[in-house]
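As stored in query05.csv (CSV, C-alpha atoms):
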```
chain,number,residue,atom,x,y,z
A,1,MET,CA,-2.2,36.1,-104.6
A,2,LYS,CA,-0.6,34.1,-101.6
A,3,HIS,CA,-1.2,35.6,-98.1
A,4,THR,CA,1.8,35.6,-95.7
A,5,PRO,CA,1.0,35.9,-92.0
A,6,SER,CA,2.6,38.7,-90.1
A,7,ARG,CA,5.3,38.0,-87.5
A,8,LYS,CA,2.9,39.0,-84.8
A,9,ALA,CA,0.3,36.5,-85.8
A,10,LEU,CA,2.9,33.7,-86.1
A,11,GLY,CA,4.1,34.5,-82.6
A,12,LEU,CA,0.6,34.2,-81.1
A,13,VAL,CA,0.1,30.8,-82.9
A,14,ALA,CA,3.3,29.5,-81.6
A,15,ALA,CA,2.7,30.5,-78.0
A,16,SER,CA,-0.8,28.9,-78.1
A,17,ALA,CA,0.7,25.7,-79.4
A,18,VAL,CA,3.2,25.6,-76.6
A,19,MET,CA,0.6,26.2,-73.9
A,20,MET,CA,-1.7,23.5,-75.3
A,21,THR,CA,1.1,21.0,-75.5
A,22,GLY,CA,2.1,21.6,-72.0
A,23,ALA,CA,-1.5,21.2,-70.7
A,24,VAL,CA,-1.9,17.9,-72.6
A,25,ALA,CA,1.4,16.6,-71.2
A,26,VAL,CA,0.8,17.6,-67.6
A,27,THR,CA,-2.7,16.3,-67.1
A,28,PRO,CA,-2.3,12.7,-68.3
A,29,ALA,CA,1.1,12.4,-66.5
A,30,GLY,CA,-0.4,13.5,-63.1
A,31,ALA,CA,-3.2,11.0,-63.4
A,32,ALA,CA,-0.8,8.2,-64.3
A,33,VAL,CA,1.4,9.0,-61.3
A,34,GLN,CA,-1.7,8.7,-59.0
A,35,ASP,CA,-2.8,5.5,-60.6
A,36,ARG,CA,0.6,3.9,-60.3
A,37,ALA,CA,0.9,5.1,-56.6
A,38,ALA,CA,-2.4,3.5,-55.8
A,39,GLN,CA,-1.5,0.3,-57.5
A,40,GLY,CA,2.1,0.4,-56.0
A,41,TRP,CA,1.1,0.7,-52.4
A,42,GLY,CA,-1.3,-2.2,-52.6
A,43,LYS,CA,1.5,-4.4,-54.1
A,44,ILE,CA,4.0,-3.1,-51.5
A,45,TRP,CA,1.6,-3.9,-48.7
A,46,LYS,CA,0.8,-7.4,-49.9
A,47,LYS,CA,4.3,-8.4,-51.0
A,48,LYS,CA,6.5,-6.6,-48.4
A,49,LEU,CA,4.6,-5.5,-45.4
A,50,GLN,CA,1.6,-7.7,-44.7
A,51,ASP,CA,3.5,-10.9,-43.8
A,52,LYS,CA,5.7,-9.0,-41.4
A,53,ALA,CA,2.7,-7.3,-39.8
A,54,ASP,CA,0.9,-10.6,-39.5
A,55,GLN,CA,3.9,-12.0,-37.6
A,56,ARG,CA,4.0,-9.1,-35.2
A,57,TYR,CA,0.4,-8.8,-34.3
A,58,TYR,CA,-2.4,-11.2,-33.4
A,59,THR,CA,-5.6,-11.2,-35.3
A,60,LYS,CA,-8.8,-10.9,-33.2
A,61,THR,CA,-9.4,-14.6,-33.5
A,62,GLN,CA,-5.8,-15.5,-32.4
A,63,SER,CA,-6.0,-13.0,-29.5
A,64,ASP,CA,-9.3,-14.4,-28.3
A,65,THR,CA,-8.0,-18.0,-28.6
A,66,LYS,CA,-4.8,-17.2,-26.7
A,67,TYR,CA,-6.1,-14.9,-24.0
A,68,ALA,CA,-9.8,-15.3,-23.5
A,69,GLY,CA,-11.8,-17.9,-21.6
A,70,LYS,CA,-14.5,-20.2,-23.0
A,71,GLY,CA,-16.7,-18.7,-25.6
A,72,GLY,CA,-14.1,-16.1,-26.7
A,73,SER,CA,-14.3,-13.9,-23.5
A,74,TYR,CA,-14.5,-14.2,-19.8
A,75,THR,CA,-17.8,-14.1,-18.1
A,76,LYS,CA,-18.1,-12.1,-14.9
A,77,PRO,CA,-18.0,-15.2,-12.7
A,78,GLU,CA,-14.9,-16.4,-14.6
A,79,SER,CA,-13.2,-13.0,-14.2
A,80,ASP,CA,-14.2,-12.8,-10.5
A,81,ALA,CA,-12.7,-16.3,-9.9
A,82,ARG,CA,-9.4,-15.3,-11.5
A,83,TYR,CA,-8.8,-12.0,-9.8
A,84,TYR,CA,-9.0,-10.6,-6.3
A,85,SER,CA,-11.8,-8.2,-5.4
A,86,LYS,CA,-10.7,-5.0,-3.6
A,87,THR,CA,-11.8,-6.4,-0.3
A,88,ASP,CA,-9.8,-9.6,-0.9
A,89,ALA,CA,-6.7,-7.7,-2.0
A,90,ASP,CA,-6.9,-5.3,1.0
A,91,ALA,CA,-7.2,-8.2,3.4
A,92,ARG,CA,-4.4,-10.1,1.8
A,93,TYR,CA,-1.9,-7.4,1.1
A,94,GLN,CA,-2.6,-4.5,3.4
A,95,ALA,CA,0.4,-3.2,5.4
A,96,ARG,CA,1.1,-5.2,8.6
A,97,GLN,CA,0.4,-3.3,11.7
A,98,ARG,CA,3.4,-2.0,13.6
A,99,THR,CA,4.2,-3.5,17.0
A,100,TYR,CA,4.8,-0.7,19.6
A,101,ARG,CA,7.2,-1.5,22.5
A,102,GLY,CA,8.4,0.3,25.6
A,103,THR,CA,9.7,-0.1,29.1
A,104,TYR,CA,8.1,0.8,32.5
A,105,LEU,CA,9.2,1.2,36.1
A,106,VAL,CA,6.6,2.1,38.8
A,107,GLY,CA,7.2,2.6,42.5
A,108,SER,CA,5.6,3.5,45.8
A,109,PRO,CA,5.6,7.1,47.2
A,110,SER,CA,5.7,5.8,50.8
A,111,THR,CA,7.5,3.3,53.0
A,112,VAL,CA,4.4,2.4,54.8
A,113,ALA,CA,3.3,-1.2,54.4
A,114,GLY,CA,0.3,-1.6,52.1
A,115,ALA,CA,1.1,1.7,50.2
A,116,TYR,CA,0.1,1.8,46.6
A,117,VAL,CA,2.7,1.2,44.0
A,118,PHE,CA,1.4,2.7,40.8
A,119,GLY,CA,2.2,4.3,37.5
A,120,ASP,CA,1.2,4.4,33.8
A,121,LEU,CA,2.3,3.5,30.3
A,122,SER,CA,1.4,5.3,27.0
A,123,TYR,CA,1.5,3.8,23.5
A,124,GLY,CA,2.2,7.1,21.8
A,125,VAL,CA,-0.7,6.4,19.4
A,126,THR,CA,-4.5,6.4,19.7
A,127,LEU,CA,-6.2,3.1,18.9
A,128,ALA,CA,-9.6,2.6,17.4
A,129,ALA,CA,-10.4,0.3,20.3
A,130,ALA,CA,-8.7,-0.6,23.6
A,131,PRO,CA,-6.5,-3.8,23.3
A,132,THR,CA,-6.9,-6.9,25.4
A,133,ALA,CA,-4.4,-6.4,28.3
A,134,HIS,CA,-2.1,-9.0,29.9
A,135,TYR,CA,0.3,-8.7,32.8
A,136,ILE,CA,3.0,-11.4,32.9
A,137,GLN,CA,4.9,-11.7,36.1
A,138,VAL,CA,8.4,-13.1,36.3
A,139,GLY,CA,8.3,-16.9,35.8
A,140,ALA,CA,4.6,-16.9,34.7
A,141,ALA,CA,3.4,-18.6,31.6
A,142,VAL,CA,3.0,-16.4,28.5
A,143,PRO,CA,-0.7,-16.2,27.7
A,144,PRO,CA,-2.4,-16.5,24.2
A,145,GLY,CA,-2.1,-13.2,22.4
A,146,CYS,CA,1.4,-12.6,23.7
A,147,SER,CA,4.8,-14.0,22.8
A,148,GLY,CA,8.5,-13.5,23.6
A,149,THR,CA,10.1,-12.5,26.9
A,150,ALA,CA,10.7,-9.4,28.9
A,151,ALA,CA,14.0,-9.0,26.9
A,152,ALA,CA,12.1,-9.3,23.6
A,153,PRO,CA,8.4,-8.7,24.1
A,154,SER,CA,5.8,-9.2,21.3
A,155,ALA,CA,2.0,-9.1,21.0
A,156,ASP,CA,-0.6,-10.3,18.5
A,157,PRO,CA,-2.9,-7.8,16.9
A,158,GLY,CA,-5.4,-6.3,19.4
A,159,HIS,CA,-3.3,-7.2,22.5
A,160,LEU,CA,-1.2,-5.4,25.1
A,161,CYS,CA,1.4,-7.6,26.7
A,162,VAL,CA,3.2,-6.2,29.8
A,163,PHE,CA,6.2,-8.3,30.8
A,164,GLU,CA,7.7,-8.0,34.3
A,165,SER,CA,11.5,-8.3,34.7
A,166,GLN,CA,11.9,-7.1,38.3
A,167,ALA,CA,9.7,-6.7,41.4
A,168,LEU,CA,10.7,-5.7,45.0
A,169,ASN,CA,8.6,-5.4,48.1
A,170,VAL,CA,5.2,-5.6,46.3
A,171,GLY,CA,2.2,-7.9,46.7
A,172,ALA,CA,1.6,-11.0,44.8
A,173,THR,CA,-1.0,-9.3,42.6
A,174,ARG,CA,0.1,-6.7,40.0
A,175,TYR,CA,-2.4,-5.2,37.7
A,176,VAL,CA,-2.6,-3.6,34.3
A,177,THR,CA,-5.9,-1.6,34.2
A,178,ASN,CA,-8.0,1.0,32.5
A,179,LEU,CA,-9.0,4.3,34.2
A,180,ALA,CA,-11.7,2.5,36.3
A,181,PHE,CA,-9.1,0.1,37.8
A,182,ASP,CA,-10.6,-2.9,36.1
A,183,ALA,CA,-8.0,-5.7,36.2
A,184,SER,CA,-6.4,-6.9,32.9
A,185,THR,CA,-7.8,-3.9,30.9
A,186,ALA,CA,-6.4,-0.9,29.0
A,187,THR,CA,-7.5,2.2,27.1
A,188,PRO,CA,-7.0,3.2,23.5
A,189,THR,CA,-4.0,5.4,24.5
A,190,GLY,CA,-2.4,3.4,27.3
A,191,ALA,CA,-2.9,1.8,30.7
A,192,TRP,CA,-2.3,2.1,34.4
A,193,LEU,CA,-0.2,-0.3,36.5
A,194,TYR,CA,-0.5,-0.8,40.2
A,195,SER,CA,0.0,-3.0,43.2
A,196,THR,CA,0.7,-2.5,47.0
A,197,THR,CA,3.8,-2.8,49.2
A,198,VAL,CA,4.1,-5.7,51.7
A,199,GLY,CA,6.6,-4.2,54.1
A,200,GLY,CA,7.8,-0.9,55.6
A,201,ALA,CA,9.9,0.0,52.6
A,202,TYR,CA,9.6,1.4,49.2
A,203,GLY,CA,8.4,-1.1,46.6
A,204,PHE,CA,8.6,-1.1,42.8
A,205,PHE,CA,8.2,-3.4,39.8
A,206,GLY,CA,9.1,-2.9,36.1
A,207,GLY,CA,9.8,-4.5,32.8
A,208,THR,CA,8.8,-4.1,29.2
A,209,TRP,CA,5.7,-4.1,27.1
A,210,ALA,CA,4.5,-4.7,23.5
A,211,MET,CA,1.3,-3.7,21.9
A,212,GLN,CA,0.0,-4.3,18.3
A,213,PRO,CA,-3.1,-2.5,17.2
A,214,GLY,CA,-6.0,-4.6,16.1
A,215,GLY,CA,-7.3,-1.9,13.8
A,216,ALA,CA,-6.5,1.7,13.0
A,217,ALA,CA,-3.9,3.6,15.0
A,218,THR,CA,-3.5,7.4,14.9
A,219,VAL,CA,-0.2,9.0,15.9
A,220,ALA,CA,-0.8,11.4,18.7
A,221,ALA,CA,1.8,13.9,17.6
A,222,LYS,CA,4.8,14.2,15.3
A,223,GLY,CA,7.8,12.7,17.1
A,224,ALA,CA,5.6,11.3,19.9
A,225,VAL,CA,7.2,8.3,21.7
A,226,PRO,CA,5.7,5.9,24.2
A,227,GLU,CA,6.6,6.8,27.8
A,228,VAL,CA,6.1,5.4,31.2
A,229,GLY,CA,6.1,7.2,34.6
A,230,PRO,CA,4.8,7.0,38.1
A,231,THR,CA,2.2,9.5,39.3
A,232,GLU,CA,3.0,13.0,40.7
A,233,GLY,CA,5.4,13.0,43.6
A,234,LEU,CA,7.9,10.5,42.0
A,235,PRO,CA,10.6,11.2,39.4
A,236,ARG,CA,9.2,10.6,35.9
A,237,VAL,CA,10.9,7.6,34.1
A,238,HIS,CA,11.2,7.7,30.3
```
What is this structure when it is put down as structure tokens?
Amino acid sequence: MKHTPSRKALGLVAASAVMMTGAVAVTPAGAAVQDRAAQGWGKIWKKKLQDKADQRYYTKTQSDTKYAGKGGSYTKPESDARYYSKTDADARYQARQRTYRGTYLVGSPSTVAGAYVFGDLSYGVTLAAAPTAHYIQVGAAVPPGCSGTAAAPSADPGHLCVFESQALNVGATRYVTNLAFDASTATPTGAWLYSTTVGGAYGFFGGTWAMQPGGAATVAAKGAVPEVGPTEGLPRVH
């Protein structure tokens, strides 16, 4: 007698077949995609990308040949010879020191012959060391370390150059000094100027000055400007 499966049994068999078929179809297809991708990128790189990349970038050998020294790289002496050290660069390219300039006018407080004619000048900055000072009378030769004229004074680094433009009733000797009245000296912040009268009248002398620091210079205060003026008892001249 022939056995006929029930509808329920046939349905289970059909569902199982569909699931098995799907599993078989998916697994090999996924593996094939991965294989083709791996093979495809290798071909794409060699055929389409590698040549272009090789043209854009140097290989290590090419880079060493083009940019390195003997032996494929610079030795320390070779590198030192090609480039400035910090000390060399600072000496060669450091900012040039500013030249400070001003005017001065000093006079006597008395009309007595032989009275002192004195005053002072201030740079407006404090120097690391006092500059070498020079006083240049009208018509005198400009000494080494100074240049220009009373109308356009200038100084080399480390020098103070005091140019005279006028002098009246004063002795032949006019000094620029430090606080100890040593002739041709100055201080890190300024200098004194003095002479004496030769007749019974007021005397004065004046002109311009220039100073260029030979080293560090510290600004005394914001907005500070060089000033010149005689001592107490005379009107201050700015």
Determine, counting all atoms listed in the file, which protein, DNA and RNA residues have an atom within 10 Å of an atom of range 127-140 of chain A; residues of the same chain fewer than 3 positions away are not included. Present the result as a CSV table (one decimal) with C-alpha atoms, keeping the file's coordinate frame.
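Now in out06.csv:
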```csv
chain,number,residue,atom,x,y,z
A,123,TYR,CA,1.5,3.8,23.5
A,124,GLY,CA,2.2,7.1,21.8
A,143,PRO,CA,-0.7,-16.2,27.7
A,144,PRO,CA,-2.4,-16.5,24.2
A,145,GLY,CA,-2.1,-13.2,22.4
A,146,CYS,CA,1.4,-12.6,23.7
A,149,THR,CA,10.1,-12.5,26.9
A,150,ALA,CA,10.7,-9.4,28.9
A,155,ALA,CA,2.0,-9.1,21.0
A,156,ASP,CA,-0.6,-10.3,18.5
A,157,PRO,CA,-2.9,-7.8,16.9
A,158,GLY,CA,-5.4,-6.3,19.4
A,159,HIS,CA,-3.3,-7.2,22.5
A,160,LEU,CA,-1.2,-5.4,25.1
A,161,CYS,CA,1.4,-7.6,26.7
A,162,VAL,CA,3.2,-6.2,29.8
A,163,PHE,CA,6.2,-8.3,30.8
A,164,GLU,CA,7.7,-8.0,34.3
A,165,SER,CA,11.5,-8.3,34.7
A,166,GLN,CA,11.9,-7.1,38.3
A,167,ALA,CA,9.7,-6.7,41.4
A,172,ALA,CA,1.6,-11.0,44.8
A,173,THR,CA,-1.0,-9.3,42.6
A,174,ARG,CA,0.1,-6.7,40.0
A,175,TYR,CA,-2.4,-5.2,37.7
A,176,VAL,CA,-2.6,-3.6,34.3
A,177,THR,CA,-5.9,-1.6,34.2
A,178,ASN,CA,-8.0,1.0,32.5
A,183,ALA,CA,-8.0,-5.7,36.2
A,184,SER,CA,-6.4,-6.9,32.9
A,185,THR,CA,-7.8,-3.9,30.9
A,186,ALA,CA,-6.4,-0.9,29.0
A,187,THR,CA,-7.5,2.2,27.1
A,188,PRO,CA,-7.0,3.2,23.5
A,189,THR,CA,-4.0,5.4,24.5
A,190,GLY,CA,-2.4,3.4,27.3
A,191,ALA,CA,-2.9,1.8,30.7
A,193,LEU,CA,-0.2,-0.3,36.5
A,205,PHE,CA,8.2,-3.4,39.8
A,206,GLY,CA,9.1,-2.9,36.1
A,207,GLY,CA,9.8,-4.5,32.8
A,209,TRP,CA,5.7,-4.1,27.1
A,211,MET,CA,1.3,-3.7,21.9
A,212,GLN,CA,0.0,-4.3,18.3
A,213,PRO,CA,-3.1,-2.5,17.2
A,214,GLY,CA,-6.0,-4.6,16.1
A,215,GLY,CA,-7.3,-1.9,13.8
A,216,ALA,CA,-6.5,1.7,13.0
A,217,ALA,CA,-3.9,3.6,15.0
A,218,THR,CA,-3.5,7.4,14.9
A,219,VAL,CA,-0.2,9.0,15.9
A,220,ALA,CA,-0.8,11.4,18.7
```
Distance in Å - CA of Arg92 in chain A versus CA of Asp80 in chain A: 16.0 Å
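For the atom pair formed by CA of Ile44 in chain A and CA of Tyr58 in chain A, the distance is 20.8 Å, given to one decimal.
As for CA of Ser195 in chain A and CA of Thr208 in chain A, they are spaced 16.6 Å apart.
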Counting all atoms listed in the file, the residue of A:Ser122, A:Asn169, A:Ser110, A:Gln97 that sits nearest Trp192 in chain A: A:Ser122
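When all atoms listed in the file are used to compute distances to Ala201 in chain A, the closest of the residues A:Gly119, A:Gly148, A:Gly102, A:Pro109 turns out to be A:Pro109.
Nearest-residue note for Val117 in chain A: choosing from A:Leu168, A:Ala210, A:Arg98, A:Thr87, the minimum distance belongs to A:Leu168, counting all atoms listed in the file.
Among the candidate residues A:Val170, A:Ala180, A:Ala152, A:Val125, the one lying nearest to Val106 in chain A is A:Val170, with distances computed using only C-alpha atoms.
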For range 138-150 of chain A of the block above, can you save all heavy atoms as a PDB file, in the first residue's frame?
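And here is the file that came out, out.pdb:
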```
ATOM      1  N   VAL A 138      82.767 123.111  17.875  1.00  0.00           N
ATOM      2  CA  VAL A 138      82.518 123.651  16.540  1.00  0.00           C
ATOM      3  C   VAL A 138      83.842 123.729  15.774  1.00  0.00           C
ATOM      4  O   VAL A 138      84.839 124.280  16.273  1.00  0.00           O
ATOM      5  CB  VAL A 138      81.884 125.054  16.625  1.00  0.00           C
ATOM      6  CG1 VAL A 138      81.761 125.653  15.222  1.00  0.00           C
ATOM      7  CG2 VAL A 138      80.525 124.991  17.294  1.00  0.00           C
ATOM      8  N   GLY A 139      83.892 123.160  14.594  1.00  0.00           N
ATOM      9  CA  GLY A 139      85.085 123.198  13.757  1.00  0.00           C
ATOM     10  C   GLY A 139      86.099 122.113  14.037  1.00  0.00           C
ATOM     11  O   GLY A 139      87.088 121.991  13.304  1.00  0.00           O
ATOM     12  N   ALA A 140      85.904 121.314  15.096  1.00  0.00           N
ATOM     13  CA  ALA A 140      86.874 120.269  15.431  1.00  0.00           C
ATOM     14  C   ALA A 140      86.655 119.040  14.550  1.00  0.00           C
ATOM     15  O   ALA A 140      85.553 118.804  14.026  1.00  0.00           O
ATOM     16  CB  ALA A 140      86.752 119.891  16.901  1.00  0.00           C
ATOM     17  N   ALA A 141      87.707 118.247  14.402  1.00  0.00           N
ATOM     18  CA  ALA A 141      87.600 117.015  13.618  1.00  0.00           C
ATOM     19  C   ALA A 141      86.729 116.002  14.360  1.00  0.00           C
ATOM     20  O   ALA A 141      86.762 115.911  15.588  1.00  0.00           O
ATOM     21  CB  ALA A 141      88.985 116.433  13.370  1.00  0.00           C
ATOM     22  N   VAL A 142      85.958 115.254  13.596  1.00  0.00           N
ATOM     23  CA  VAL A 142      85.096 114.220  14.184  1.00  0.00           C
ATOM     24  C   VAL A 142      85.960 112.995  14.488  1.00  0.00           C
ATOM     25  O   VAL A 142      86.608 112.449  13.591  1.00  0.00           O
ATOM     26  CB  VAL A 142      83.953 113.842  13.226  1.00  0.00           C
ATOM     27  CG1 VAL A 142      83.098 112.729  13.822  1.00  0.00           C
ATOM     28  CG2 VAL A 142      83.087 115.063  12.930  1.00  0.00           C
ATOM     29  N   PRO A 143      85.988 112.546  15.742  1.00  0.00           N
ATOM     30  CA  PRO A 143      86.888 111.443  16.124  1.00  0.00           C
ATOM     31  C   PRO A 143      86.334 110.083  15.702  1.00  0.00           C
ATOM     32  O   PRO A 143      85.142 109.941  15.415  1.00  0.00           O
ATOM     33  CB  PRO A 143      86.945 111.564  17.647  1.00  0.00           C
ATOM     34  CG  PRO A 143      85.591 112.090  18.002  1.00  0.00           C
ATOM     35  CD  PRO A 143      85.242 113.051  16.896  1.00  0.00           C
ATOM     36  N   PRO A 144      87.188 109.047  15.699  1.00  0.00           N
ATOM     37  CA  PRO A 144      86.701 107.685  15.456  1.00  0.00           C
ATOM     38  C   PRO A 144      85.638 107.316  16.496  1.00  0.00           C
ATOM     39  O   PRO A 144      85.756 107.659  17.671  1.00  0.00           O
ATOM     40  CB  PRO A 144      87.965 106.822  15.618  1.00  0.00           C
ATOM     41  CG  PRO A 144      89.094 107.765  15.342  1.00  0.00           C
ATOM     42  CD  PRO A 144      88.668 109.094  15.875  1.00  0.00           C
ATOM     43  N   GLY A 145      84.622 106.601  16.044  1.00  0.00           N
ATOM     44  CA  GLY A 145      83.505 106.253  16.921  1.00  0.00           C
ATOM     45  C   GLY A 145      82.323 107.181  16.736  1.00  0.00           C
ATOM     46  O   GLY A 145      81.210 106.887  17.196  1.00  0.00           O
ATOM     47  N   CYS A 146      82.549 108.322  16.082  1.00  0.00           N
ATOM     48  CA  CYS A 146      81.486 109.290  15.817  1.00  0.00           C
ATOM     49  C   CYS A 146      81.426 109.574  14.321  1.00  0.00           C
ATOM     50  O   CYS A 146      82.393 109.365  13.596  1.00  0.00           O
ATOM     51  CB  CYS A 146      81.746 110.596  16.567  1.00  0.00           C
ATOM     52  SG  CYS A 146      81.864 110.413  18.360  1.00  0.00           S
ATOM     53  N   SER A 147      80.292 110.072  13.890  1.00  0.00           N
ATOM     54  CA  SER A 147      80.137 110.465  12.491  1.00  0.00           C
ATOM     55  C   SER A 147      79.008 111.474  12.393  1.00  0.00           C
ATOM     56  O   SER A 147      78.219 111.648  13.323  1.00  0.00           O
ATOM     57  CB  SER A 147      79.837 109.249  11.604  1.00  0.00           C
ATOM     58  OG  SER A 147      78.662 108.587  12.036  1.00  0.00           O
ATOM     59  N   GLY A 148      78.941 112.146  11.243  1.00  0.00           N
ATOM     60  CA  GLY A 148      77.884 113.131  11.028  1.00  0.00           C
ATOM     61  C   GLY A 148      78.301 114.514  11.480  1.00  0.00           C
ATOM     62  O   GLY A 148      79.492 114.837  11.598  1.00  0.00           O
ATOM     63  N   THR A 149      77.307 115.333  11.772  1.00  0.00           N
ATOM     64  CA  THR A 149      77.510 116.719  12.170  1.00  0.00           C
ATOM     65  C   THR A 149      76.555 117.047  13.306  1.00  0.00           C
ATOM     66  O   THR A 149      75.727 116.219  13.703  1.00  0.00           O
ATOM     67  CB  THR A 149      77.226 117.668  10.990  1.00  0.00           C
ATOM     68  OG1 THR A 149      75.828 117.549  10.641  1.00  0.00           O
ATOM     69  CG2 THR A 149      78.078 117.318   9.765  1.00  0.00           C
ATOM     70  N   ALA A 150      76.626 118.301  13.788  1.00  0.00           N
ATOM     71  CA  ALA A 150      75.683 118.731  14.822  1.00  0.00           C
ATOM     72  C   ALA A 150      74.253 118.703  14.297  1.00  0.00           C
ATOM     73  O   ALA A 150      73.305 118.478  15.050  1.00  0.00           O
ATOM     74  CB  ALA A 150      76.040 120.140  15.306  1.00  0.00           C
TER      75      ALA A 150
END
```
